[in-house]
Amino acid sequence: MVQLRYDGKVAIVTGAGGGLGKTYALELAKRGCKVVVNDLGGDRHGTSSSTSMADKVVQEIKAAGGQAVANYDSVEFGEKIVKTAIDAFGRIDIVINNAGILRDVSLLKMKDVDWDLIFQVHVKGAFSVTRAAWPYMRDQKYGRIIVTSSNAAIYGNFGQTNYSAAKSALIGFANSLAKEGEKYNIKANTLVPTAGSRLTQTVMPEDLVNALKPEYVTPLTLYMAHESFPETGKVYEAGAGWYGQLLYYRSNGKVVTNASVEDVANNWTAISDMKNAHSLSYMKDATAHLMDALAAQEEANEKANASGGASTGTSVGGDFPASIRSSALFKEMAEGVRKEPELVKNVKAIILYSITDGKNEIGKFTLDFKSSPPSVYFGDVKNGEKATTTVTVSDNDFCEIGAGTLQPQKAFMSGKLKVKGNVMLLQKLQGLTEARKKSKM
């Protein structure tokens, strides 16, 4: 078996004066990594400081032939910690956000300082160190970032509303970092460790604290920090020699058209049934699922209108097919210009959207703001008119644009949104859309 090495790499390990952080620092150094051993040297409540803890770990690394420097700054001052790495070793490749404190107390007895200090160290600390390291990782097109969460974030724990909330925030933090870092080869993941330490002494019996050695967590942590690690934006657990991955699952749910509170209550078994639950990796997948639901809702309304049944939906020009997810967005536009035609009275143009499945066209939608009254309908331009601007975009990408998870400018620059004709019309149309959203607030 080839040993995984970290030669030439530089790591920052926060809270490395003891417990988990110390084992990470020692093992990284043993495998050729240069390590910044950061530790404020305080107690588990974050109320004191000392240089001795970091110094002892550095001495141990050097005695074994490794390279390390100490840093005693609070993680709130991430730029100082990163500066230590740059001054000593000239680069930064790995950040393991491990530092933490506890202020356990039940909600009604919790003081502002108990809440604020937890977020200051765990969330602000991880943010500060990572932000300071990010430009170096971006420029060198390489980085590995690990944030440390907790089972308290996943399951909750009595007397730890502050700690649970902060540790939950770190999961979202790492997941978003993963998206931002993809094009720079910066991978960010979350670790949920279970190990005996000064932070688990308050919630575990002494014999269990002693049995759950930090060394059981270290192999997974180091693999996550290695250049060969393939994943990003994931959550992993480790403890007692057990290693696993954690995923969020959602039920298939149920579309209940024009639902009342009673309808939701009556369909609760189907809504909450986890039998065919599935995991989603991207926000766009969740948005696409909702677009499907919205299309089904509109289709039900149209059928009800066609049969003369009661419905809160409004039938507007053209047949908007439910098989195309973005139909719901165009139908909303149609309803909008019908109710407020004055919003587009100065556009005086026809915009044709060619919606694709990523390769082939699956439908056309026309925004006729040249005629009076203005209209939006499914199909090609009518009455022998020609489109002023033609837009080609995939169904999924247009749904993302509509949901706000993909900026039109970015879609255009990346080639996801192709425009033929007057490009400025789209900017004008976006401005009108934003103005309408504000007027509805």
# chains A, B, ... in the order shown; residues from 1 in each chain; ligands from 1
call {"tool": "select_by_dssp", "arguments": {"residues": "stretch 178-291 of chain A", "states": "strand (DSSP E)", "output": "ChimeraX atom specification"}}
result
/A:186-193,235-239,242-246,249-250,278-279
call {"tool": "closest_atom_pairs", "arguments": {"of": "stretch 150-179 of chain A", "to": "stretch 274-292 of chain A", "cutoff": "12 Å", "atoms": "only C-alpha atoms", "output": "tab-separated table"}}
result
residue	atom	partner	partner_atom	distance
A:Gly172	CA	A:Met283	CA	12.0
A:Asn175	CA	A:Ser281	CA	9.6
A:Ser176	CA	A:Tyr282	CA	10.3
A:Ala178	CA	A:Tyr282	CA	11.1
A:Lys179	CA	A:Tyr282	CA	9.3
call {"tool": "write_last_selection", "arguments": {"atoms": "N, CA and C atoms", "output": "mmCIF file, in the first residue's frame"}}
result
data_model
loop_
_atom_site.group_PDB
_atom_site.id
_atom_site.type_symbol
_atom_site.label_atom_id
_atom_site.label_comp_id
_atom_site.auth_asym_id
_atom_site.auth_seq_id
_atom_site.Cartn_x
_atom_site.Cartn_y
_atom_site.Cartn_z
ATOM 1 N N GLY A 172 -23.409 24.375 6.452
ATOM 2 C CA GLY A 172 -23.794 25.228 5.331
ATOM 3 C C GLY A 172 -22.622 26.032 4.805
ATOM 4 N N ASN A 175 -20.490 23.676 2.667
ATOM 5 C CA ASN A 175 -21.179 23.314 1.431
ATOM 6 C C ASN A 175 -21.111 24.440 0.400
ATOM 7 N N SER A 176 -21.245 25.669 0.864
ATOM 8 C CA SER A 176 -21.162 26.814 -0.050
ATOM 9 C C SER A 176 -19.723 27.051 -0.505
ATOM 10 N N ALA A 178 -17.611 24.782 -1.024
ATOM 11 C CA ALA A 178 -17.359 23.760 -2.036
ATOM 12 C C ALA A 178 -17.792 24.235 -3.414
ATOM 13 N N LYS A 179 -18.937 24.913 -3.474
ATOM 14 C CA LYS A 179 -19.426 25.429 -4.757
ATOM 15 C C LYS A 179 -18.506 26.537 -5.267
#
call {"tool": "residues_around", "arguments": {"residues": "stretch 373-386 of chain A", "least_positions_apart": "6", "cutoff": "10 Å", "atoms": "only C-alpha atoms", "output": "PDB file with N, CA and C atoms, in the first residue's frame"}}
result
ATOM      1  N   VAL A 316     -54.490  31.688 -19.079  1.00  0.00           N
ATOM      2  CA  VAL A 316     -53.988  32.786 -19.892  1.00  0.00           C
ATOM      3  C   VAL A 316     -53.559  32.235 -21.243  1.00  0.00           C
ATOM      4  N   GLY A 317     -53.393  33.154 -22.241  1.00  0.00           N
ATOM      5  CA  GLY A 317     -53.202  32.783 -23.633  1.00  0.00           C
ATOM      6  C   GLY A 317     -52.185  31.678 -23.861  1.00  0.00           C
ATOM      7  N   GLY A 318     -52.533  30.700 -24.623  1.00  0.00           N
ATOM      8  CA  GLY A 318     -51.599  29.652 -24.987  1.00  0.00           C
ATOM      9  C   GLY A 318     -51.658  28.476 -24.036  1.00  0.00           C
ATOM     10  N   ASP A 319     -51.226  27.331 -24.511  1.00  0.00           N
ATOM     11  CA  ASP A 319     -51.203  26.123 -23.700  1.00  0.00           C
ATOM     12  C   ASP A 319     -49.779  25.927 -23.185  1.00  0.00           C
ATOM     13  N   PHE A 320     -49.561  26.181 -21.911  1.00  0.00           N
ATOM     14  CA  PHE A 320     -48.226  26.057 -21.325  1.00  0.00           C
ATOM     15  C   PHE A 320     -48.021  24.613 -20.879  1.00  0.00           C
ATOM     16  N   PRO A 321     -47.226  23.826 -21.601  1.00  0.00           N
ATOM     17  CA  PRO A 321     -47.112  22.385 -21.310  1.00  0.00           C
ATOM     18  C   PRO A 321     -46.409  22.094 -19.990  1.00  0.00           C
ATOM     19  N   SER A 327     -42.322  26.314 -18.063  1.00  0.00           N
ATOM     20  CA  SER A 327     -43.665  26.777 -18.429  1.00  0.00           C
ATOM     21  C   SER A 327     -44.280  27.607 -17.315  1.00  0.00           C
ATOM     22  N   PHE A 330     -43.017  31.178 -17.477  1.00  0.00           N
ATOM     23  CA  PHE A 330     -43.609  31.953 -18.569  1.00  0.00           C
ATOM     24  C   PHE A 330     -45.079  32.247 -18.298  1.00  0.00           C
ATOM     25  N   LYS A 331     -45.748  31.312 -17.648  1.00  0.00           N
ATOM     26  CA  LYS A 331     -47.150  31.549 -17.327  1.00  0.00           C
ATOM     27  C   LYS A 331     -47.274  32.673 -16.300  1.00  0.00           C
ATOM     28  N   GLU A 332     -46.320  32.706 -15.370  1.00  0.00           N
ATOM     29  CA  GLU A 332     -46.317  33.800 -14.393  1.00  0.00           C
ATOM     30  C   GLU A 332     -46.086  35.133 -15.092  1.00  0.00           C
ATOM     31  N   MET A 333     -45.187  35.137 -16.086  1.00  0.00           N
ATOM     32  CA  MET A 333     -44.965  36.365 -16.869  1.00  0.00           C
ATOM     33  C   MET A 333     -46.252  36.783 -17.576  1.00  0.00           C
ATOM     34  N   ALA A 334     -46.932  35.802 -18.175  1.00  0.00           N
ATOM     35  CA  ALA A 334     -48.174  36.082 -18.898  1.00  0.00           C
ATOM     36  C   ALA A 334     -49.201  36.728 -17.986  1.00  0.00           C
ATOM     37  N   GLU A 335     -49.326  36.164 -16.787  1.00  0.00           N
ATOM     38  CA  GLU A 335     -50.276  36.715 -15.820  1.00  0.00           C
ATOM     39  C   GLU A 335     -49.847  38.115 -15.391  1.00  0.00           C
ATOM     40  N   GLY A 336     -48.532  38.291 -15.258  1.00  0.00           N
ATOM     41  CA  GLY A 336     -48.018  39.595 -14.834  1.00  0.00           C
ATOM     42  C   GLY A 336     -48.302  40.699 -15.832  1.00  0.00           C
ATOM     43  N   VAL A 337     -48.035  40.441 -17.114  1.00  0.00           N
ATOM     44  CA  VAL A 337     -48.272  41.493 -18.116  1.00  0.00           C
ATOM     45  C   VAL A 337     -49.753  41.697 -18.368  1.00  0.00           C
ATOM     46  N   ARG A 338     -50.551  40.653 -18.104  1.00  0.00           N
ATOM     47  CA  ARG A 338     -51.997  40.831 -18.235  1.00  0.00           C
ATOM     48  C   ARG A 338     -52.522  41.779 -17.170  1.00  0.00           C
ATOM     49  N   GLU A 340     -50.552  43.895 -15.268  1.00  0.00           N
ATOM     50  CA  GLU A 340     -49.844  45.182 -15.256  1.00  0.00           C
ATOM     51  C   GLU A 340     -49.174  45.435 -16.611  1.00  0.00           C
ATOM     52  N   PRO A 341     -49.943  45.660 -17.663  1.00  0.00           N
ATOM     53  CA  PRO A 341     -49.367  45.862 -19.002  1.00  0.00           C
ATOM     54  C   PRO A 341     -48.474  47.093 -19.082  1.00  0.00           C
ATOM     55  N   GLU A 342     -48.683  48.037 -18.168  1.00  0.00           N
ATOM     56  CA  GLU A 342     -47.875  49.263 -18.197  1.00  0.00           C
ATOM     57  C   GLU A 342     -46.397  49.006 -17.916  1.00  0.00           C
ATOM     58  N   LEU A 343     -46.079  47.864 -17.289  1.00  0.00           N
ATOM     59  CA  LEU A 343     -44.685  47.557 -16.979  1.00  0.00           C
ATOM     60  C   LEU A 343     -43.842  47.356 -18.242  1.00  0.00           C
ATOM     61  N   VAL A 344     -44.490  46.916 -19.319  1.00  0.00           N
ATOM     62  CA  VAL A 344     -43.731  46.632 -20.547  1.00  0.00           C
ATOM     63  C   VAL A 344     -44.113  47.547 -21.709  1.00  0.00           C
ATOM     64  N   LYS A 345     -44.835  48.606 -21.415  1.00  0.00           N
ATOM     65  CA  LYS A 345     -45.324  49.458 -22.507  1.00  0.00           C
ATOM     66  C   LYS A 345     -44.199  50.137 -23.280  1.00  0.00           C
ATOM     67  N   VAL A 347     -41.189  48.720 -23.832  1.00  0.00           N
ATOM     68  CA  VAL A 347     -40.274  47.744 -24.414  1.00  0.00           C
ATOM     69  C   VAL A 347     -40.446  47.664 -25.933  1.00  0.00           C
ATOM     70  N   LYS A 348     -41.698  47.538 -26.383  1.00  0.00           N
ATOM     71  CA  LYS A 348     -42.040  47.564 -27.808  1.00  0.00           C
ATOM     72  C   LYS A 348     -41.150  46.634 -28.634  1.00  0.00           C
ATOM     73  N   ALA A 349     -41.095  45.387 -28.211  1.00  0.00           N
ATOM     74  CA  ALA A 349     -40.262  44.405 -28.888  1.00  0.00           C
ATOM     75  C   ALA A 349     -40.839  43.016 -28.671  1.00  0.00           C
ATOM     76  N   ILE A 350     -40.354  42.068 -29.467  1.00  0.00           N
ATOM     77  CA  ILE A 350     -40.782  40.681 -29.338  1.00  0.00           C
ATOM     78  C   ILE A 350     -39.547  39.839 -28.987  1.00  0.00           C
ATOM     79  N   ILE A 351     -39.642  39.108 -27.893  1.00  0.00           N
ATOM     80  CA  ILE A 351     -38.540  38.267 -27.444  1.00  0.00           C
ATOM     81  C   ILE A 351     -38.977  36.815 -27.546  1.00  0.00           C
ATOM     82  N   LEU A 352     -38.209  36.038 -28.270  1.00  0.00           N
ATOM     83  CA  LEU A 352     -38.526  34.621 -28.458  1.00  0.00           C
ATOM     84  C   LEU A 352     -37.542  33.762 -27.674  1.00  0.00           C
ATOM     85  N   TYR A 353     -38.071  32.876 -26.835  1.00  0.00           N
ATOM     86  CA  TYR A 353     -37.236  31.950 -26.056  1.00  0.00           C
ATOM     87  C   TYR A 353     -37.308  30.560 -26.674  1.00  0.00           C
ATOM     88  N   SER A 354     -36.153  30.017 -26.993  1.00  0.00           N
ATOM     89  CA  SER A 354     -36.049  28.628 -27.444  1.00  0.00           C
ATOM     90  C   SER A 354     -35.535  27.806 -26.269  1.00  0.00           C
ATOM     91  N   GLY A 363     -39.317  23.382 -26.913  1.00  0.00           N
ATOM     92  CA  GLY A 363     -40.451  24.303 -26.960  1.00  0.00           C
ATOM     93  C   GLY A 363     -40.018  25.744 -27.133  1.00  0.00           C
ATOM     94  N   LYS A 364     -40.941  26.569 -27.654  1.00  0.00           N
ATOM     95  CA  LYS A 364     -40.694  28.003 -27.816  1.00  0.00           C
ATOM     96  C   LYS A 364     -41.735  28.799 -27.046  1.00  0.00           C
ATOM     97  N   PHE A 365     -41.309  29.926 -26.497  1.00  0.00           N
ATOM     98  CA  PHE A 365     -42.206  30.830 -25.787  1.00  0.00           C
ATOM     99  C   PHE A 365     -41.986  32.238 -26.331  1.00  0.00           C
ATOM    100  N   THR A 366     -43.060  32.936 -26.589  1.00  0.00           N
ATOM    101  CA  THR A 366     -42.969  34.281 -27.158  1.00  0.00           C
ATOM    102  C   THR A 366     -43.428  35.326 -26.155  1.00  0.00           C
ATOM    103  N   LEU A 367     -42.610  36.368 -25.987  1.00  0.00           N
ATOM    104  CA  LEU A 367     -42.965  37.533 -25.180  1.00  0.00           C
ATOM    105  C   LEU A 367     -43.241  38.661 -26.170  1.00  0.00           C
TER     106      LEU A 367
END
call {"tool": "closest_residue", "arguments": {"among": "A:Val129, A:Glu361, A:Asp395, A:Lys9", "to": "A:Ala328", "atoms": "only C-alpha atoms"}}
result
A:Asp395
call {"tool": "residues_around", "arguments": {"residues": "A:Thr218", "least_positions_apart": "6", "cutoff": "10 Å", "atoms": "only C-alpha atoms", "output": "list of chain:residue names"}}
result
A:Leu20, A:Gly21, A:Lys22, A:Thr23, A:Tyr24, A:Ala25, A:Leu26, A:Glu27, A:Leu28, A:Pro193, A:Met224, A:Ala238, A:Gly239, A:Gly241
call {"tool": "write_last_selection", "arguments": {"atoms": "C-alpha atoms", "output": "PDB file, in the first residue's frame"}}
result
ATOM      1  CA  LEU A  20      -8.112  15.999  18.007  1.00  0.00           C
ATOM      2  CA  GLY A  21      -6.136  18.960  16.703  1.00  0.00           C
ATOM      3  CA  LYS A  22      -2.904  17.688  18.231  1.00  0.00           C
ATOM      4  CA  THR A  23      -3.281  14.260  16.607  1.00  0.00           C
ATOM      5  CA  TYR A  24      -3.925  15.916  13.219  1.00  0.00           C
ATOM      6  CA  ALA A  25      -0.834  18.111  13.534  1.00  0.00           C
ATOM      7  CA  LEU A  26       1.437  15.263  14.625  1.00  0.00           C
ATOM      8  CA  GLU A  27       0.309  12.878  11.895  1.00  0.00           C
ATOM      9  CA  LEU A  28       0.493  15.521   9.157  1.00  0.00           C
ATOM     10  CA  PRO A 193     -15.978  13.561  14.938  1.00  0.00           C
ATOM     11  CA  MET A 224      -9.987  14.511   3.579  1.00  0.00           C
ATOM     12  CA  ALA A 238     -15.764   9.298  12.438  1.00  0.00           C
ATOM     13  CA  GLY A 239     -15.377   7.749  15.873  1.00  0.00           C
ATOM     14  CA  GLY A 241     -12.778   3.265  14.370  1.00  0.00           C
TER      15      GLY A 241
END
call {"tool": "select_by_dssp", "arguments": {"residues": "stretch 373-417 of chain A", "states": "helix (DSSP H, G or I)", "output": "MDAnalysis selection string"}}
result
chainID A and resid 395:403 408:413
call {"tool": "write_last_selection", "arguments": {"atoms": "N, CA and C atoms", "output": "compact mmCIF listing (two decimals), in the first residue's frame"}}
result
# COMPACT_ATOMS: atom_id res chain seq x y z
N ASP A 395 -33.91 24.21 -20.27
CA ASP A 395 -35.04 24.26 -19.34
C ASP A 395 -34.56 24.40 -17.90
N ASN A 396 -33.57 23.57 -17.52
CA ASN A 396 -33.07 23.61 -16.14
C ASN A 396 -32.40 24.93 -15.81
N ASP A 397 -31.58 25.45 -16.76
CA ASP A 397 -30.89 26.71 -16.50
C ASP A 397 -31.86 27.87 -16.38
N PHE A 398 -32.92 27.86 -17.18
CA PHE A 398 -33.88 28.95 -17.09
C PHE A 398 -34.64 28.90 -15.77
N CYS A 399 -34.90 27.69 -15.29
CA CYS A 399 -35.54 27.54 -13.97
C CYS A 399 -34.62 28.08 -12.88
N GLU A 400 -33.32 27.83 -13.01
CA GLU A 400 -32.36 28.37 -12.04
C GLU A 400 -32.34 29.89 -12.08
N ILE A 401 -32.39 30.45 -13.28
CA ILE A 401 -32.42 31.91 -13.42
C ILE A 401 -33.67 32.45 -12.75
N GLY A 402 -34.80 31.78 -12.99
CA GLY A 402 -36.05 32.22 -12.39
C GLY A 402 -36.05 32.13 -10.88
N ALA A 403 -35.34 31.11 -10.35
CA ALA A 403 -35.27 30.91 -8.90
C ALA A 403 -34.22 31.80 -8.25
N PRO A 408 -28.39 35.88 -14.62
CA PRO A 408 -28.45 35.95 -16.08
C PRO A 408 -27.10 36.34 -16.70
N GLN A 409 -26.40 37.29 -16.06
CA GLN A 409 -25.11 37.73 -16.60
C GLN A 409 -24.11 36.58 -16.62
N LYS A 410 -24.08 35.79 -15.53
CA LYS A 410 -23.16 34.66 -15.47
C LYS A 410 -23.54 33.59 -16.49
N ALA A 411 -24.85 33.38 -16.65
CA ALA A 411 -25.32 32.40 -17.62
C ALA A 411 -24.91 32.82 -19.03
N PHE A 412 -25.00 34.12 -19.31
CA PHE A 412 -24.63 34.63 -20.64
C PHE A 412 -23.13 34.49 -20.87
N MET A 413 -22.34 34.89 -19.87
CA MET A 413 -20.88 34.85 -20.02
C MET A 413 -20.36 33.41 -20.14
call {"tool": "closest_residue", "arguments": {"among": "A:Phe173, A:Phe89, A:Tyr155, A:Tyr142", "to": "A:His122", "atoms": "only C-alpha atoms"}}
result
A:Phe173
call {"tool": "closest_residue", "arguments": {"among": "A:Glu215, A:Glu182, A:Ala195, A:Glu262", "to": "A:Gly233", "atoms": "only C-alpha atoms"}}
result
A:Glu182
call {"tool": "residues_around", "arguments": {"residues": "A:Ala166", "least_positions_apart": "4", "cutoff": "12 Å", "atoms": "only C-alpha atoms", "output": "number ranges by chain"}}
result
A: 100-103, 114-127, 147-154, 156, 160-162, 170-173
call {"tool": "write_last_selection", "arguments": {"atoms": "C-alpha atoms", "output": "PDB file, in the first residue's frame"}}
result
ATOM      1  CA  GLY A 100     -13.770  25.182  19.677  1.00  0.00           C
ATOM      2  CA  ILE A 101     -15.171  25.970  23.092  1.00  0.00           C
ATOM      3  CA  LEU A 102     -18.314  25.124  25.068  1.00  0.00           C
ATOM      4  CA  ARG A 103     -20.736  27.279  27.060  1.00  0.00           C
ATOM      5  CA  ASP A 114     -22.824  32.273  26.105  1.00  0.00           C
ATOM      6  CA  TRP A 115     -24.355  32.512  22.645  1.00  0.00           C
ATOM      7  CA  ASP A 116     -21.994  35.122  21.219  1.00  0.00           C
ATOM      8  CA  LEU A 117     -18.740  33.471  22.319  1.00  0.00           C
ATOM      9  CA  ILE A 118     -19.736  30.152  20.763  1.00  0.00           C
ATOM     10  CA  PHE A 119     -20.451  31.771  17.405  1.00  0.00           C
ATOM     11  CA  GLN A 120     -17.391  33.971  17.720  1.00  0.00           C
ATOM     12  CA  VAL A 121     -15.059  30.993  18.010  1.00  0.00           C
ATOM     13  CA  HIS A 122     -16.748  28.305  15.927  1.00  0.00           C
ATOM     14  CA  VAL A 123     -18.381  30.238  13.079  1.00  0.00           C
ATOM     15  CA  LYS A 124     -16.541  33.563  12.958  1.00  0.00           C
ATOM     16  CA  GLY A 125     -13.266  31.721  13.606  1.00  0.00           C
ATOM     17  CA  ALA A 126     -13.713  29.277  10.715  1.00  0.00           C
ATOM     18  CA  PHE A 127     -14.803  32.139   8.470  1.00  0.00           C
ATOM     19  CA  VAL A 147     -14.659  22.368   9.105  1.00  0.00           C
ATOM     20  CA  THR A 148     -15.532  20.519  12.283  1.00  0.00           C
ATOM     21  CA  SER A 149     -19.200  20.034  13.092  1.00  0.00           C
ATOM     22  CA  SER A 150     -20.843  17.850  15.726  1.00  0.00           C
ATOM     23  CA  ASN A 151     -23.584  15.315  16.274  1.00  0.00           C
ATOM     24  CA  ALA A 152     -25.199  18.070  18.338  1.00  0.00           C
ATOM     25  CA  ALA A 153     -25.782  19.904  15.043  1.00  0.00           C
ATOM     26  CA  ILE A 154     -27.441  16.878  13.482  1.00  0.00           C
ATOM     27  CA  GLY A 156     -29.574  18.458  18.884  1.00  0.00           C
ATOM     28  CA  GLN A 160     -26.357  23.086  23.753  1.00  0.00           C
ATOM     29  CA  THR A 161     -28.647  25.249  21.638  1.00  0.00           C
ATOM     30  CA  ASN A 162     -25.761  27.673  21.087  1.00  0.00           C
ATOM     31  CA  LEU A 170     -20.576  25.323   9.683  1.00  0.00           C
ATOM     32  CA  ILE A 171     -22.125  22.617   7.511  1.00  0.00           C
ATOM     33  CA  GLY A 172     -23.794  25.228   5.331  1.00  0.00           C
ATOM     34  CA  PHE A 173     -20.567  27.229   5.334  1.00  0.00           C
TER      35      PHE A 173
END
call {"tool": "closest_residue", "arguments": {"among": "A:Asn97, A:Lys111, A:Ala133, A:Leu425", "to": "A:Lys80", "atoms": "only C-alpha atoms"}}
result
A:Ala133
